[in-house]
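Everything below belongs to upload.cif, which stores mmCIF, N, CA and C atoms.
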data_structure
#
loop_
_atom_site.label_atom_id
_atom_site.label_comp_id
_atom_site.auth_asym_id
_atom_site.auth_seq_id
_atom_site.Cartn_x
_atom_site.Cartn_y
_atom_site.Cartn_z
N MET A 37 -46.74 8.72 -33.65
CA MET A 37 -45.82 8.13 -32.71
C MET A 37 -46.11 8.75 -31.34
N SER A 38 -46.16 7.92 -30.30
CA SER A 38 -46.47 8.43 -28.97
C SER A 38 -45.27 9.16 -28.38
N ALA A 39 -45.52 9.92 -27.31
CA ALA A 39 -44.44 10.68 -26.66
C ALA A 39 -43.38 9.74 -26.11
N ASP A 40 -43.79 8.59 -25.55
CA ASP A 40 -42.83 7.63 -25.01
C ASP A 40 -41.89 7.13 -26.09
N ARG A 41 -42.43 6.85 -27.25
CA ARG A 41 -41.62 6.34 -28.35
C ARG A 41 -40.70 7.43 -28.90
N GLU A 42 -41.20 8.67 -28.93
CA GLU A 42 -40.38 9.77 -29.44
C GLU A 42 -39.17 10.02 -28.53
N GLU A 43 -39.41 9.95 -27.21
CA GLU A 43 -38.32 10.20 -26.28
C GLU A 43 -37.24 9.13 -26.37
N SER A 44 -37.66 7.87 -26.47
CA SER A 44 -36.67 6.80 -26.49
C SER A 44 -36.10 6.59 -27.88
N GLY A 45 -36.78 7.09 -28.90
CA GLY A 45 -36.32 6.90 -30.27
C GLY A 45 -36.61 5.49 -30.77
N ASN A 46 -37.38 4.74 -30.01
CA ASN A 46 -37.70 3.36 -30.37
C ASN A 46 -39.11 3.32 -30.95
N ALA A 47 -39.21 2.84 -32.19
CA ALA A 47 -40.52 2.77 -32.86
C ALA A 47 -41.22 1.46 -32.57
N ALA A 48 -40.62 0.57 -31.82
CA ALA A 48 -41.24 -0.72 -31.52
C ALA A 48 -42.45 -0.51 -30.62
N VAL A 49 -43.40 -1.40 -30.75
CA VAL A 49 -44.62 -1.30 -29.96
C VAL A 49 -44.36 -1.79 -28.55
N ASP A 50 -44.84 -1.05 -27.58
CA ASP A 50 -44.74 -1.46 -26.19
C ASP A 50 -45.77 -2.56 -25.98
N ASP A 51 -45.31 -3.74 -25.52
CA ASP A 51 -46.21 -4.87 -25.34
C ASP A 51 -47.30 -4.59 -24.32
N ALA A 52 -47.04 -3.68 -23.38
CA ALA A 52 -48.02 -3.38 -22.35
C ALA A 52 -49.12 -2.45 -22.86
N ALA A 53 -48.88 -1.74 -23.94
CA ALA A 53 -49.87 -0.80 -24.46
C ALA A 53 -50.95 -1.56 -25.21
N PRO A 54 -52.19 -1.52 -24.72
CA PRO A 54 -53.26 -2.23 -25.42
C PRO A 54 -53.67 -1.50 -26.70
N ILE A 55 -54.23 -2.26 -27.60
CA ILE A 55 -54.74 -1.69 -28.84
C ILE A 55 -56.04 -0.96 -28.51
N ASP A 56 -56.22 0.19 -29.11
CA ASP A 56 -57.47 0.93 -28.92
C ASP A 56 -58.63 0.03 -29.34
N TYR A 57 -59.58 -0.17 -28.45
CA TYR A 57 -60.68 -1.09 -28.71
C TYR A 57 -61.48 -0.72 -29.95
N ARG A 58 -61.48 0.55 -30.33
CA ARG A 58 -62.24 0.96 -31.52
C ARG A 58 -61.68 0.33 -32.78
N PHE A 59 -60.36 0.17 -32.85
CA PHE A 59 -59.75 -0.47 -34.01
C PHE A 59 -60.07 -1.95 -34.04
N THR A 60 -60.05 -2.57 -32.87
CA THR A 60 -60.40 -3.99 -32.80
C THR A 60 -61.85 -4.21 -33.22
N LEU A 61 -62.74 -3.35 -32.73
CA LEU A 61 -64.15 -3.48 -33.10
C LEU A 61 -64.38 -3.19 -34.58
N ALA A 62 -63.64 -2.23 -35.13
CA ALA A 62 -63.77 -1.94 -36.57
C ALA A 62 -63.32 -3.15 -37.39
N ASN A 63 -62.25 -3.80 -36.95
CA ASN A 63 -61.77 -5.00 -37.64
C ASN A 63 -62.85 -6.09 -37.58
N GLU A 64 -63.47 -6.23 -36.41
CA GLU A 64 -64.52 -7.24 -36.27
C GLU A 64 -65.74 -6.91 -37.13
N ARG A 65 -66.12 -5.63 -37.19
CA ARG A 65 -67.26 -5.24 -38.04
C ARG A 65 -66.98 -5.54 -39.50
N THR A 66 -65.75 -5.28 -39.93
CA THR A 66 -65.38 -5.58 -41.32
C THR A 66 -65.48 -7.08 -41.57
N PHE A 67 -64.97 -7.88 -40.65
CA PHE A 67 -65.06 -9.34 -40.76
C PHE A 67 -66.53 -9.76 -40.88
N LEU A 68 -67.37 -9.23 -40.02
CA LEU A 68 -68.78 -9.61 -40.05
C LEU A 68 -69.47 -9.18 -41.35
N SER A 69 -69.04 -8.06 -41.92
CA SER A 69 -69.59 -7.64 -43.23
C SER A 69 -69.23 -8.65 -44.32
N TRP A 70 -67.98 -9.10 -44.31
CA TRP A 70 -67.58 -10.12 -45.29
C TRP A 70 -68.36 -11.41 -45.07
N ILE A 71 -68.58 -11.78 -43.82
CA ILE A 71 -69.33 -13.01 -43.53
C ILE A 71 -70.78 -12.87 -43.99
N ARG A 72 -71.39 -11.71 -43.80
CA ARG A 72 -72.76 -11.50 -44.32
C ARG A 72 -72.80 -11.64 -45.83
N THR A 73 -71.78 -11.14 -46.50
CA THR A 73 -71.70 -11.28 -47.95
C THR A 73 -71.59 -12.76 -48.33
N ALA A 74 -70.74 -13.49 -47.61
CA ALA A 74 -70.58 -14.93 -47.87
C ALA A 74 -71.89 -15.68 -47.63
N LEU A 75 -72.62 -15.32 -46.58
CA LEU A 75 -73.90 -15.96 -46.30
C LEU A 75 -74.93 -15.65 -47.39
N GLY A 76 -74.91 -14.42 -47.90
CA GLY A 76 -75.81 -14.07 -49.00
C GLY A 76 -75.51 -14.88 -50.25
N LEU A 77 -74.24 -15.05 -50.55
CA LEU A 77 -73.85 -15.88 -51.71
C LEU A 77 -74.25 -17.34 -51.49
N LEU A 78 -74.07 -17.82 -50.27
CA LEU A 78 -74.45 -19.19 -49.95
C LEU A 78 -75.96 -19.38 -50.14
N ALA A 79 -76.73 -18.44 -49.62
CA ALA A 79 -78.19 -18.51 -49.78
C ALA A 79 -78.59 -18.43 -51.24
N GLY A 80 -77.91 -17.57 -52.00
CA GLY A 80 -78.21 -17.46 -53.43
C GLY A 80 -77.90 -18.74 -54.18
N GLY A 81 -76.78 -19.37 -53.86
CA GLY A 81 -76.43 -20.63 -54.52
C GLY A 81 -77.42 -21.73 -54.22
N VAL A 82 -77.82 -21.82 -52.95
CA VAL A 82 -78.80 -22.83 -52.57
C VAL A 82 -80.15 -22.54 -53.22
N ALA A 83 -80.54 -21.27 -53.25
CA ALA A 83 -81.81 -20.89 -53.86
C ALA A 83 -81.84 -21.21 -55.35
N VAL A 84 -80.76 -20.90 -56.05
CA VAL A 84 -80.70 -21.20 -57.48
C VAL A 84 -80.83 -22.70 -57.70
N HIS A 85 -80.16 -23.48 -56.90
CA HIS A 85 -80.20 -24.93 -57.06
C HIS A 85 -81.58 -25.51 -56.71
N ALA A 86 -82.20 -24.98 -55.66
CA ALA A 86 -83.46 -25.55 -55.18
C ALA A 86 -84.69 -24.99 -55.88
N VAL A 87 -84.70 -23.69 -56.17
CA VAL A 87 -85.90 -23.03 -56.66
C VAL A 87 -85.98 -23.02 -58.18
N VAL A 88 -84.89 -22.78 -58.83
CA VAL A 88 -84.89 -22.64 -60.29
C VAL A 88 -84.74 -24.03 -60.91
N GLN A 89 -85.74 -24.86 -60.76
CA GLN A 89 -85.65 -26.23 -61.26
C GLN A 89 -86.01 -26.35 -62.75
N GLU A 90 -87.18 -25.94 -63.07
CA GLU A 90 -87.69 -26.17 -64.42
C GLU A 90 -87.40 -25.03 -65.40
N GLN A 91 -87.15 -23.85 -64.87
CA GLN A 91 -87.06 -22.68 -65.72
C GLN A 91 -85.80 -22.65 -66.58
N TRP A 92 -84.68 -23.07 -66.05
CA TRP A 92 -83.40 -22.92 -66.74
C TRP A 92 -82.80 -24.26 -67.11
N ASN A 93 -81.93 -24.21 -68.07
CA ASN A 93 -81.12 -25.36 -68.45
C ASN A 93 -80.34 -25.85 -67.22
N THR A 94 -80.26 -27.16 -67.06
CA THR A 94 -79.58 -27.74 -65.89
C THR A 94 -78.12 -27.32 -65.81
N ASP A 95 -77.44 -27.21 -66.95
CA ASP A 95 -76.02 -26.83 -66.93
C ASP A 95 -75.83 -25.40 -66.40
N PHE A 96 -76.67 -24.47 -66.85
CA PHE A 96 -76.55 -23.09 -66.37
C PHE A 96 -76.92 -23.00 -64.90
N ARG A 97 -77.98 -23.70 -64.52
CA ARG A 97 -78.41 -23.68 -63.12
C ARG A 97 -77.31 -24.22 -62.21
N THR A 98 -76.71 -25.33 -62.61
CA THR A 98 -75.63 -25.92 -61.81
C THR A 98 -74.41 -25.01 -61.77
N ALA A 99 -74.03 -24.45 -62.90
CA ALA A 99 -72.86 -23.55 -62.95
C ALA A 99 -73.09 -22.31 -62.08
N LEU A 100 -74.29 -21.77 -62.14
CA LEU A 100 -74.59 -20.58 -61.34
C LEU A 100 -74.59 -20.91 -59.85
N ALA A 101 -75.22 -22.01 -59.47
CA ALA A 101 -75.26 -22.41 -58.06
C ALA A 101 -73.85 -22.69 -57.53
N VAL A 102 -73.07 -23.45 -58.28
CA VAL A 102 -71.72 -23.78 -57.84
C VAL A 102 -70.85 -22.53 -57.77
N SER A 103 -71.01 -21.62 -58.72
CA SER A 103 -70.24 -20.36 -58.69
C SER A 103 -70.54 -19.57 -57.43
N CYS A 104 -71.81 -19.47 -57.08
CA CYS A 104 -72.18 -18.75 -55.85
C CYS A 104 -71.61 -19.44 -54.61
N LEU A 105 -71.70 -20.76 -54.58
CA LEU A 105 -71.21 -21.50 -53.42
C LEU A 105 -69.70 -21.42 -53.27
N VAL A 106 -68.98 -21.52 -54.38
CA VAL A 106 -67.52 -21.42 -54.33
C VAL A 106 -67.10 -20.01 -53.92
N LEU A 107 -67.76 -19.01 -54.49
CA LEU A 107 -67.44 -17.63 -54.13
C LEU A 107 -67.74 -17.39 -52.65
N SER A 108 -68.80 -17.97 -52.14
CA SER A 108 -69.12 -17.87 -50.72
C SER A 108 -68.01 -18.46 -49.86
N LEU A 109 -67.52 -19.61 -50.24
CA LEU A 109 -66.42 -20.25 -49.51
C LEU A 109 -65.16 -19.39 -49.54
N VAL A 110 -64.82 -18.87 -50.71
CA VAL A 110 -63.62 -18.04 -50.86
C VAL A 110 -63.73 -16.78 -49.99
N VAL A 111 -64.89 -16.14 -50.00
CA VAL A 111 -65.08 -14.92 -49.21
C VAL A 111 -65.03 -15.22 -47.72
N ALA A 112 -65.66 -16.32 -47.28
CA ALA A 112 -65.65 -16.66 -45.86
C ALA A 112 -64.24 -16.95 -45.36
N VAL A 113 -63.49 -17.75 -46.09
CA VAL A 113 -62.11 -18.06 -45.69
C VAL A 113 -61.24 -16.81 -45.78
N GLY A 114 -61.39 -16.05 -46.85
CA GLY A 114 -60.63 -14.82 -47.01
C GLY A 114 -60.93 -13.81 -45.92
N ALA A 115 -62.18 -13.75 -45.47
CA ALA A 115 -62.57 -12.83 -44.39
C ALA A 115 -61.83 -13.18 -43.11
N TYR A 116 -61.77 -14.46 -42.78
CA TYR A 116 -61.06 -14.86 -41.57
C TYR A 116 -59.57 -14.55 -41.68
N LEU A 117 -58.98 -14.91 -42.81
CA LEU A 117 -57.55 -14.66 -42.99
C LEU A 117 -57.23 -13.17 -42.92
N HIS A 118 -58.09 -12.35 -43.52
CA HIS A 118 -57.89 -10.90 -43.48
C HIS A 118 -58.03 -10.38 -42.05
N TRP A 119 -59.05 -10.83 -41.33
CA TRP A 119 -59.25 -10.41 -39.95
C TRP A 119 -58.02 -10.74 -39.12
N ARG A 120 -57.51 -11.95 -39.30
CA ARG A 120 -56.34 -12.39 -38.53
C ARG A 120 -55.09 -11.56 -38.88
N ARG A 121 -54.87 -11.29 -40.18
CA ARG A 121 -53.71 -10.49 -40.60
C ARG A 121 -53.78 -9.08 -40.03
N ILE A 122 -54.98 -8.49 -40.00
CA ILE A 122 -55.16 -7.15 -39.45
C ILE A 122 -54.88 -7.18 -37.95
N ARG A 123 -55.40 -8.19 -37.27
CA ARG A 123 -55.19 -8.30 -35.82
C ARG A 123 -53.70 -8.43 -35.49
N VAL A 124 -52.98 -9.27 -36.20
CA VAL A 124 -51.55 -9.45 -35.98
C VAL A 124 -50.80 -8.15 -36.25
N ALA A 125 -51.15 -7.46 -37.34
CA ALA A 125 -50.49 -6.20 -37.67
C ALA A 125 -50.73 -5.16 -36.57
N MET A 126 -51.95 -5.10 -36.05
CA MET A 126 -52.23 -4.16 -34.97
C MET A 126 -51.44 -4.54 -33.72
N ASP A 127 -51.39 -5.82 -33.40
CA ASP A 127 -50.64 -6.27 -32.22
C ASP A 127 -49.16 -5.92 -32.33
N GLN A 128 -48.63 -5.98 -33.53
CA GLN A 128 -47.20 -5.74 -33.74
C GLN A 128 -46.89 -4.28 -34.10
N GLY A 129 -47.92 -3.47 -34.23
CA GLY A 129 -47.71 -2.06 -34.55
C GLY A 129 -47.26 -1.81 -35.97
N ARG A 130 -47.56 -2.75 -36.87
CA ARG A 130 -47.19 -2.60 -38.27
C ARG A 130 -48.32 -1.92 -39.04
N PRO A 131 -48.02 -1.40 -40.24
CA PRO A 131 -49.09 -0.86 -41.09
C PRO A 131 -50.09 -1.97 -41.44
N LEU A 132 -51.33 -1.58 -41.60
CA LEU A 132 -52.36 -2.56 -41.90
C LEU A 132 -52.23 -3.04 -43.34
N PRO A 133 -52.30 -4.36 -43.55
CA PRO A 133 -52.18 -4.90 -44.91
C PRO A 133 -53.47 -4.70 -45.70
N GLY A 134 -53.34 -4.72 -46.99
CA GLY A 134 -54.51 -4.64 -47.86
C GLY A 134 -55.19 -5.99 -47.96
N THR A 135 -56.18 -6.06 -48.82
CA THR A 135 -56.91 -7.31 -49.00
C THR A 135 -57.10 -7.60 -50.47
N VAL A 136 -57.14 -8.87 -50.80
CA VAL A 136 -57.45 -9.29 -52.17
C VAL A 136 -58.93 -9.62 -52.30
N LEU A 137 -59.68 -9.53 -51.19
CA LEU A 137 -61.09 -9.89 -51.22
C LEU A 137 -61.91 -8.98 -52.14
N VAL A 138 -61.56 -7.71 -52.19
CA VAL A 138 -62.35 -6.78 -53.01
C VAL A 138 -62.29 -7.14 -54.49
N PRO A 139 -61.10 -7.31 -55.09
CA PRO A 139 -61.09 -7.69 -56.51
C PRO A 139 -61.64 -9.11 -56.74
N VAL A 140 -61.40 -10.02 -55.80
CA VAL A 140 -61.92 -11.39 -55.96
C VAL A 140 -63.45 -11.36 -55.95
N LEU A 141 -64.02 -10.64 -55.00
CA LEU A 141 -65.48 -10.56 -54.93
C LEU A 141 -66.06 -9.84 -56.14
N SER A 142 -65.40 -8.79 -56.59
CA SER A 142 -65.87 -8.07 -57.78
C SER A 142 -65.85 -8.95 -59.02
N ALA A 143 -64.75 -9.64 -59.23
CA ALA A 143 -64.65 -10.53 -60.40
C ALA A 143 -65.62 -11.69 -60.29
N GLY A 144 -65.74 -12.25 -59.10
CA GLY A 144 -66.67 -13.37 -58.90
C GLY A 144 -68.11 -12.97 -59.12
N THR A 145 -68.47 -11.81 -58.61
CA THR A 145 -69.84 -11.33 -58.80
C THR A 145 -70.12 -11.04 -60.27
N ALA A 146 -69.15 -10.46 -60.97
CA ALA A 146 -69.31 -10.21 -62.40
C ALA A 146 -69.49 -11.52 -63.15
N PHE A 147 -68.72 -12.55 -62.78
CA PHE A 147 -68.84 -13.86 -63.43
C PHE A 147 -70.22 -14.45 -63.20
N VAL A 148 -70.71 -14.39 -61.96
CA VAL A 148 -72.05 -14.90 -61.63
C VAL A 148 -73.11 -14.12 -62.41
N ALA A 149 -72.94 -12.81 -62.51
CA ALA A 149 -73.91 -11.99 -63.24
C ALA A 149 -73.94 -12.34 -64.72
N VAL A 150 -72.77 -12.58 -65.31
CA VAL A 150 -72.71 -12.97 -66.72
C VAL A 150 -73.41 -14.32 -66.92
N LEU A 151 -73.14 -15.27 -66.03
CA LEU A 151 -73.82 -16.58 -66.13
C LEU A 151 -75.33 -16.42 -66.05
N ALA A 152 -75.79 -15.61 -65.10
CA ALA A 152 -77.23 -15.41 -64.94
C ALA A 152 -77.83 -14.73 -66.18
N CYS A 153 -77.13 -13.74 -66.73
CA CYS A 153 -77.62 -13.05 -67.93
C CYS A 153 -77.74 -14.02 -69.11
N VAL A 154 -76.72 -14.83 -69.30
CA VAL A 154 -76.74 -15.80 -70.39
C VAL A 154 -77.88 -16.80 -70.21
N ALA A 155 -78.06 -17.27 -68.96
CA ALA A 155 -79.14 -18.23 -68.70
C ALA A 155 -80.50 -17.61 -68.98
N VAL A 156 -80.69 -16.36 -68.57
CA VAL A 156 -81.97 -15.68 -68.81
C VAL A 156 -82.18 -15.46 -70.30
N LEU A 157 -81.16 -15.05 -71.02
CA LEU A 157 -81.30 -14.79 -72.47
C LEU A 157 -81.57 -16.07 -73.24
N LEU A 158 -81.00 -17.17 -72.80
CA LEU A 158 -81.21 -18.44 -73.52
C LEU A 158 -82.51 -19.13 -73.12
N HIS A 159 -83.15 -18.66 -72.08
CA HIS A 159 -84.39 -19.29 -71.63
C HIS A 159 -85.51 -18.89 -72.52
#

For the structure just supplied, provide its representation as structure tokens.
Amino acid sequence: MSADREESGNAAVDDAAPIDYRFTLANERTFLSWIRTALGLLAGGVAVHAVVQEQWNTDFRTALAVSCLVLSLVVAVGAYLHWRRIRVAMDQGRPLPGTVLVPVLSAGTAFVAVLACVAVLLH
């Protein structure tokens, strides 16, 4: 709590006090990391669909490609929503909210890995 807030006893954020740019940049870097992950999943889904033509069963190839593409969409949208929630919390001086992206990405990646393992074993 700043000295101004301690003296007045008011924990509300002063609208004139700007957010430390380092926090804003850290929020942006986190957003960009999630977007890079989404782009990697997008590239993987397209690659599976385009490159793995003859090697795998069509059903597994399609399921794997669609799983990567859907996970990419979820991560990209979730990254924006998380970035926005963090920005609003910083603007309002509230504690930073958590994210559901970590468990969603972990579960999604595990699902994609299981599909890929099954496709490789059945090939």

Please write as a PDB file with N, CA and C atoms, in the coordinates of the input the full residue list that the PyMOL selection byres (((chain A and resi 123 and name CA) around 12) and name CA) yields on this file.
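Once written, out_7.pdb looks like this:
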ATOM      1  N   ILE A  55     -54.230  -2.260 -27.600  1.00  0.00           N
ATOM      2  CA  ILE A  55     -54.740  -1.690 -28.840  1.00  0.00           C
ATOM      3  C   ILE A  55     -56.040  -0.960 -28.510  1.00  0.00           C
ATOM      4  N   ASP A  56     -56.220   0.190 -29.110  1.00  0.00           N
ATOM      5  CA  ASP A  56     -57.470   0.930 -28.920  1.00  0.00           C
ATOM      6  C   ASP A  56     -58.630   0.030 -29.340  1.00  0.00           C
ATOM      7  N   TYR A  57     -59.580  -0.170 -28.450  1.00  0.00           N
ATOM      8  CA  TYR A  57     -60.680  -1.090 -28.710  1.00  0.00           C
ATOM      9  C   TYR A  57     -61.480  -0.720 -29.950  1.00  0.00           C
ATOM     10  N   PHE A  59     -60.360   0.170 -32.850  1.00  0.00           N
ATOM     11  CA  PHE A  59     -59.750  -0.470 -34.010  1.00  0.00           C
ATOM     12  C   PHE A  59     -60.070  -1.950 -34.040  1.00  0.00           C
ATOM     13  N   THR A  60     -60.050  -2.570 -32.870  1.00  0.00           N
ATOM     14  CA  THR A  60     -60.400  -3.990 -32.800  1.00  0.00           C
ATOM     15  C   THR A  60     -61.850  -4.210 -33.220  1.00  0.00           C
ATOM     16  N   LEU A  61     -62.740  -3.350 -32.730  1.00  0.00           N
ATOM     17  CA  LEU A  61     -64.150  -3.480 -33.100  1.00  0.00           C
ATOM     18  C   LEU A  61     -64.380  -3.190 -34.580  1.00  0.00           C
ATOM     19  N   ALA A  62     -63.640  -2.230 -35.130  1.00  0.00           N
ATOM     20  CA  ALA A  62     -63.770  -1.940 -36.570  1.00  0.00           C
ATOM     21  C   ALA A  62     -63.320  -3.150 -37.390  1.00  0.00           C
ATOM     22  N   ASN A  63     -62.250  -3.800 -36.950  1.00  0.00           N
ATOM     23  CA  ASN A  63     -61.770  -5.000 -37.640  1.00  0.00           C
ATOM     24  C   ASN A  63     -62.850  -6.090 -37.580  1.00  0.00           C
ATOM     25  N   GLU A  64     -63.470  -6.230 -36.410  1.00  0.00           N
ATOM     26  CA  GLU A  64     -64.520  -7.240 -36.270  1.00  0.00           C
ATOM     27  C   GLU A  64     -65.740  -6.910 -37.130  1.00  0.00           C
ATOM     28  N   THR A  66     -65.750  -5.280 -39.930  1.00  0.00           N
ATOM     29  CA  THR A  66     -65.380  -5.580 -41.320  1.00  0.00           C
ATOM     30  C   THR A  66     -65.480  -7.080 -41.570  1.00  0.00           C
ATOM     31  N   PHE A  67     -64.970  -7.880 -40.650  1.00  0.00           N
ATOM     32  CA  PHE A  67     -65.060  -9.340 -40.760  1.00  0.00           C
ATOM     33  C   PHE A  67     -66.530  -9.760 -40.880  1.00  0.00           C
ATOM     34  N   TYR A 116     -61.770 -14.460 -42.780  1.00  0.00           N
ATOM     35  CA  TYR A 116     -61.060 -14.860 -41.570  1.00  0.00           C
ATOM     36  C   TYR A 116     -59.570 -14.550 -41.680  1.00  0.00           C
ATOM     37  N   LEU A 117     -58.980 -14.910 -42.810  1.00  0.00           N
ATOM     38  CA  LEU A 117     -57.550 -14.660 -42.990  1.00  0.00           C
ATOM     39  C   LEU A 117     -57.230 -13.170 -42.920  1.00  0.00           C
ATOM     40  N   HIS A 118     -58.090 -12.350 -43.520  1.00  0.00           N
ATOM     41  CA  HIS A 118     -57.890 -10.900 -43.480  1.00  0.00           C
ATOM     42  C   HIS A 118     -58.030 -10.380 -42.050  1.00  0.00           C
ATOM     43  N   TRP A 119     -59.050 -10.830 -41.330  1.00  0.00           N
ATOM     44  CA  TRP A 119     -59.250 -10.410 -39.950  1.00  0.00           C
ATOM     45  C   TRP A 119     -58.020 -10.740 -39.120  1.00  0.00           C
ATOM     46  N   ARG A 120     -57.510 -11.950 -39.300  1.00  0.00           N
ATOM     47  CA  ARG A 120     -56.340 -12.390 -38.530  1.00  0.00           C
ATOM     48  C   ARG A 120     -55.090 -11.560 -38.880  1.00  0.00           C
ATOM     49  N   ARG A 121     -54.870 -11.290 -40.180  1.00  0.00           N
ATOM     50  CA  ARG A 121     -53.710 -10.490 -40.600  1.00  0.00           C
ATOM     51  C   ARG A 121     -53.780  -9.080 -40.030  1.00  0.00           C
ATOM     52  N   ILE A 122     -54.980  -8.490 -40.000  1.00  0.00           N
ATOM     53  CA  ILE A 122     -55.160  -7.150 -39.450  1.00  0.00           C
ATOM     54  C   ILE A 122     -54.880  -7.180 -37.950  1.00  0.00           C
ATOM     55  N   VAL A 124     -52.980  -9.270 -36.200  1.00  0.00           N
ATOM     56  CA  VAL A 124     -51.550  -9.450 -35.980  1.00  0.00           C
ATOM     57  C   VAL A 124     -50.800  -8.150 -36.250  1.00  0.00           C
ATOM     58  N   ALA A 125     -51.150  -7.460 -37.340  1.00  0.00           N
ATOM     59  CA  ALA A 125     -50.490  -6.200 -37.670  1.00  0.00           C
ATOM     60  C   ALA A 125     -50.730  -5.160 -36.570  1.00  0.00           C
ATOM     61  N   MET A 126     -51.950  -5.100 -36.050  1.00  0.00           N
ATOM     62  CA  MET A 126     -52.230  -4.160 -34.970  1.00  0.00           C
ATOM     63  C   MET A 126     -51.440  -4.540 -33.720  1.00  0.00           C
ATOM     64  N   ASP A 127     -51.390  -5.820 -33.400  1.00  0.00           N
ATOM     65  CA  ASP A 127     -50.640  -6.270 -32.220  1.00  0.00           C
ATOM     66  C   ASP A 127     -49.160  -5.920 -32.330  1.00  0.00           C
ATOM     67  N   GLN A 128     -48.630  -5.980 -33.530  1.00  0.00           N
ATOM     68  CA  GLN A 128     -47.200  -5.740 -33.740  1.00  0.00           C
ATOM     69  C   GLN A 128     -46.890  -4.280 -34.100  1.00  0.00           C
ATOM     70  N   GLY A 129     -47.920  -3.470 -34.230  1.00  0.00           N
ATOM     71  CA  GLY A 129     -47.710  -2.060 -34.550  1.00  0.00           C
ATOM     72  C   GLY A 129     -47.260  -1.810 -35.970  1.00  0.00           C
ATOM     73  N   ARG A 130     -47.560  -2.750 -36.870  1.00  0.00           N
ATOM     74  CA  ARG A 130     -47.190  -2.600 -38.270  1.00  0.00           C
ATOM     75  C   ARG A 130     -48.320  -1.920 -39.040  1.00  0.00           C
ATOM     76  N   PRO A 131     -48.020  -1.400 -40.240  1.00  0.00           N
ATOM     77  CA  PRO A 131     -49.090  -0.860 -41.090  1.00  0.00           C
ATOM     78  C   PRO A 131     -50.090  -1.970 -41.440  1.00  0.00           C
ATOM     79  N   LEU A 132     -51.330  -1.580 -41.600  1.00  0.00           N
ATOM     80  CA  LEU A 132     -52.360  -2.560 -41.900  1.00  0.00           C
ATOM     81  C   LEU A 132     -52.230  -3.040 -43.340  1.00  0.00           C
ATOM     82  N   PRO A 133     -52.300  -4.360 -43.550  1.00  0.00           N
ATOM     83  CA  PRO A 133     -52.180  -4.900 -44.910  1.00  0.00           C
ATOM     84  C   PRO A 133     -53.470  -4.700 -45.700  1.00  0.00           C
TER      85      PRO A 133
END

request  = Quick one: pull the distance between CA of Phe96 (chain A) and atom C of Gly144 (chain A), Å, one decimal.
outcome  = 15.0 Å

ask   = Please, which residues of region 81-145 of chain A, numbered as in this document, come out alpha helix (DSSP H) from DSSP, as a ChimeraX atom specification?
value = /A:81-87,94-128,137-145

ask   = With all atoms listed in the file as the atoms that count, which of A:Leu109, A:Gly114, A:Gly81, A:Leu68 lies nearest to Val136 (chain A)?
value = A:Gly114

ask   = So what do you get for atom N of Val150 (chain A) versus CA of Leu75 (chain A), distance-wise?
value = 19.3 Å

task = Can you work out the spacing between CA of Leu141 (chain A) and CA of Leu107 (chain A) in Å, to one decimal?
result =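 We find that CA of Leu141 (chain A) and CA of Leu107 (chain A) lie 7.4 Å from each other.
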
Selection result for the PyMOL selection byres (((chain A and resi 138 and name CA) around 12) and name CA) on this file, as a VMD selection string = chain A and resid 70 73 110 to 111 114 to 115 118 134 to 137 139 to 145

With only C-alpha atoms counted, which protein, DNA or RNA residues have an atom no more than 12 Å from (-66.5, -23.2, -57.2) in the file frame? Please answer as a compact mmCIF listing (two decimals) with N, CA and C atoms, in the frame of the given file.
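Saved as point.txt:
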# COMPACT_ATOMS: atom_id res chain seq x y z
N LEU A 77 -74.24 -15.05 -50.55
CA LEU A 77 -73.85 -15.88 -51.71
C LEU A 77 -74.25 -17.34 -51.49
N LEU A 78 -74.07 -17.82 -50.27
CA LEU A 78 -74.45 -19.19 -49.95
C LEU A 78 -75.96 -19.38 -50.14
N GLY A 81 -76.78 -19.37 -53.86
CA GLY A 81 -76.43 -20.63 -54.52
C GLY A 81 -77.42 -21.73 -54.22
N THR A 98 -76.71 -25.33 -62.61
CA THR A 98 -75.63 -25.92 -61.81
C THR A 98 -74.41 -25.01 -61.77
N ALA A 99 -74.03 -24.45 -62.90
CA ALA A 99 -72.86 -23.55 -62.95
C ALA A 99 -73.09 -22.31 -62.08
N LEU A 100 -74.29 -21.77 -62.14
CA LEU A 100 -74.59 -20.58 -61.34
C LEU A 100 -74.59 -20.91 -59.85
N ALA A 101 -75.22 -22.01 -59.47
CA ALA A 101 -75.26 -22.41 -58.06
C ALA A 101 -73.85 -22.69 -57.53
N VAL A 102 -73.07 -23.45 -58.28
CA VAL A 102 -71.72 -23.78 -57.84
C VAL A 102 -70.85 -22.53 -57.77
N SER A 103 -71.01 -21.62 -58.72
CA SER A 103 -70.24 -20.36 -58.69
C SER A 103 -70.54 -19.57 -57.43
N CYS A 104 -71.81 -19.47 -57.08
CA CYS A 104 -72.18 -18.75 -55.85
C CYS A 104 -71.61 -19.44 -54.61
N LEU A 105 -71.70 -20.76 -54.58
CA LEU A 105 -71.21 -21.50 -53.42
C LEU A 105 -69.70 -21.42 -53.27
N VAL A 106 -68.98 -21.52 -54.38
CA VAL A 106 -67.52 -21.42 -54.33
C VAL A 106 -67.10 -20.01 -53.92
N LEU A 107 -67.76 -19.01 -54.49
CA LEU A 107 -67.44 -17.63 -54.13
C LEU A 107 -67.74 -17.39 -52.65
N SER A 108 -68.80 -17.97 -52.14
CA SER A 108 -69.12 -17.87 -50.72
C SER A 108 -68.01 -18.46 -49.86
N LEU A 109 -67.52 -19.61 -50.24
CA LEU A 109 -66.42 -20.25 -49.51
C LEU A 109 -65.16 -19.39 -49.54
N VAL A 110 -64.82 -18.87 -50.71
CA VAL A 110 -63.62 -18.04 -50.86
C VAL A 110 -63.73 -16.78 -49.99
N VAL A 111 -64.89 -16.14 -50.00
CA VAL A 111 -65.08 -14.92 -49.21
C VAL A 111 -65.03 -15.22 -47.72
N GLY A 144 -65.74 -12.25 -59.10
CA GLY A 144 -66.67 -13.37 -58.90
C GLY A 144 -68.11 -12.97 -59.12
N PHE A 147 -68.72 -12.55 -62.78
CA PHE A 147 -68.84 -13.86 -63.43
C PHE A 147 -70.22 -14.45 -63.20
N VAL A 148 -70.71 -14.39 -61.96
CA VAL A 148 -72.05 -14.90 -61.63
C VAL A 148 -73.11 -14.12 -62.41
